[in-house]
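Student: Input: one structure, supplied below.
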Amino acid sequence: MADDEISYYFTKGSTPLDCIDPLKPLLRIACTEEYQPVCGCDGLTYPNSCYATYQGGVTSFTEGACPQ
C-alpha cells in the first residue's frame with residue numbers, strides 16, 4: 001500500500017466515520033414499539049427507523065433486516 005493510501009476495514013457492528021451521529025441518542029426521543037425493521041449503516045438491524053436514528057445514532061439505513 002502506498003504511503004498516501006488509507007484502507008478501512010469494517011466488521012458487522014463497526015461503523016464508517018460518517019455512519020453514526022453521537023449526538024442523536026442524547027436527544028432522548030421516545031420511539032414506538034412498531035416493528036418495521038431497518039438495516040443500519042453499521043450492519044445492525046433496528047426495530048424501526050426511530051430506534052436506528054435516536055437510539056443507535058445511525059445516519060443512514062435501508063428498509064428490512066440486515067443480511068445474516
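In the C-alpha cells, chains take the letters A, B, ... in the order shown, each chain's residues start at 1, and ligands count up from 1 in the order shown.
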Taking 3 positions as the minimum chain separation for residues in the same chain, which residues sit within 12 Å of A:Lys24 when counting only C-alpha atoms? Answer as a ChimeraX atom specification.

Tutor: /A:19-21,27-30,50-59

Student: Using only C-alpha atoms for the distances, tell me which of A:Pro67, A:Pro25, A:Ser49, A:Asp18 is nearest to A:Pro37.

Tutor: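 Smallest separation from A:Pro37 among the options: A:Ser49.
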
Student: Which residues are close to A:Ala65, i.e. within 7 Å by only C-alpha atoms, leaving aside same-chain residues fewer than 4 positions away? Reply as an MDAnalysis selection string.

Tutor: chainID A and resid 37:39 45

Student: Using only C-alpha atoms, please write the residues we just selected to a file, as a PDB file, in the first residue's frame.

Tutor:
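Saved the output as selection.pdb:
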ATOM      1  CA  PRO A  37     -37.005  -3.397  10.783  1.00  0.00           C
ATOM      2  CA  VAL A  38     -34.277  -1.353   9.153  1.00  0.00           C
ATOM      3  CA  CYS A  39     -30.655  -2.204   8.436  1.00  0.00           C
ATOM      4  CA  THR A  45     -30.848  -4.452  12.464  1.00  0.00           C
TER       5      THR A  45
END

Student: Extract, using only C-alpha atoms, all DNA, RNA and protein residues at most 12 Å from A:Cys66, discarding same-chain residues fewer than 2 positions from it, and format them as a short mmCIF file (atom, residue, chain, number, x, y, z; two decimals) with N, CA and C atoms, in the first residue's frame.

Tutor:
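Resulting contents of selection23.cif:
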data_model
loop_
_atom_site.label_atom_id
_atom_site.label_comp_id
_atom_site.auth_asym_id
_atom_site.auth_seq_id
_atom_site.Cartn_x
_atom_site.Cartn_y
_atom_site.Cartn_z
N LYS A 12 -19.16 -6.43 11.08
CA LYS A 12 -20.54 -6.18 11.47
C LYS A 12 -20.57 -5.51 12.84
N GLY A 13 -21.27 -4.41 12.92
CA GLY A 13 -21.36 -3.68 14.17
C GLY A 13 -20.36 -2.55 14.27
N PRO A 37 -38.46 -3.36 10.68
CA PRO A 37 -37.00 -3.40 10.78
C PRO A 37 -36.28 -2.63 9.68
N VAL A 38 -35.16 -2.04 10.08
CA VAL A 38 -34.28 -1.35 9.15
C VAL A 38 -32.85 -1.84 9.40
N CYS A 39 -32.06 -1.81 8.35
CA CYS A 39 -30.65 -2.20 8.44
C CYS A 39 -29.82 -0.93 8.47
N GLY A 40 -29.15 -0.71 9.59
CA GLY A 40 -28.33 0.48 9.74
C GLY A 40 -27.02 0.39 8.98
N CYS A 41 -26.43 1.54 8.71
CA CYS A 41 -25.14 1.59 8.02
C CYS A 41 -24.04 0.91 8.84
N ASP A 42 -24.34 0.61 10.11
CA ASP A 42 -23.38 -0.10 10.96
C ASP A 42 -23.54 -1.61 10.87
N GLY A 43 -24.47 -2.07 10.01
CA GLY A 43 -24.66 -3.50 9.81
C GLY A 43 -25.56 -4.16 10.84
N LEU A 44 -26.20 -3.37 11.68
CA LEU A 44 -27.09 -3.91 12.70
C LEU A 44 -28.54 -3.66 12.33
N THR A 45 -29.42 -4.60 12.70
CA THR A 45 -30.85 -4.45 12.46
C THR A 45 -31.48 -3.75 13.66
N TYR A 46 -32.30 -2.74 13.37
CA TYR A 46 -33.02 -2.00 14.41
C TYR A 46 -34.50 -2.25 14.22
N PRO A 47 -35.31 -2.21 15.31
CA PRO A 47 -36.74 -2.49 15.20
C PRO A 47 -37.49 -1.55 14.26
N PHE A 61 -29.89 4.17 6.68
CA PHE A 61 -30.36 2.79 6.82
C PHE A 61 -31.21 2.44 5.62
N THR A 62 -31.45 1.14 5.46
CA THR A 62 -32.34 0.66 4.41
C THR A 62 -33.47 -0.12 5.06
N GLU A 63 -34.60 -0.20 4.37
CA GLU A 63 -35.74 -0.93 4.91
C GLU A 63 -35.44 -2.42 4.94
N GLY A 64 -35.91 -3.08 5.97
CA GLY A 64 -35.72 -4.52 6.12
C GLY A 64 -34.53 -4.84 7.01
N GLN A 68 -27.95 -11.84 7.26
CA GLN A 68 -27.27 -12.56 8.36
C GLN A 68 -25.83 -12.73 8.11
#

Student: Write out as a VMD selection string all residues of stretch 37-68 of chain A that backbone DSSP assigns to helix (DSSP H, G or I).

Tutor: chain A and resid 49 to 55
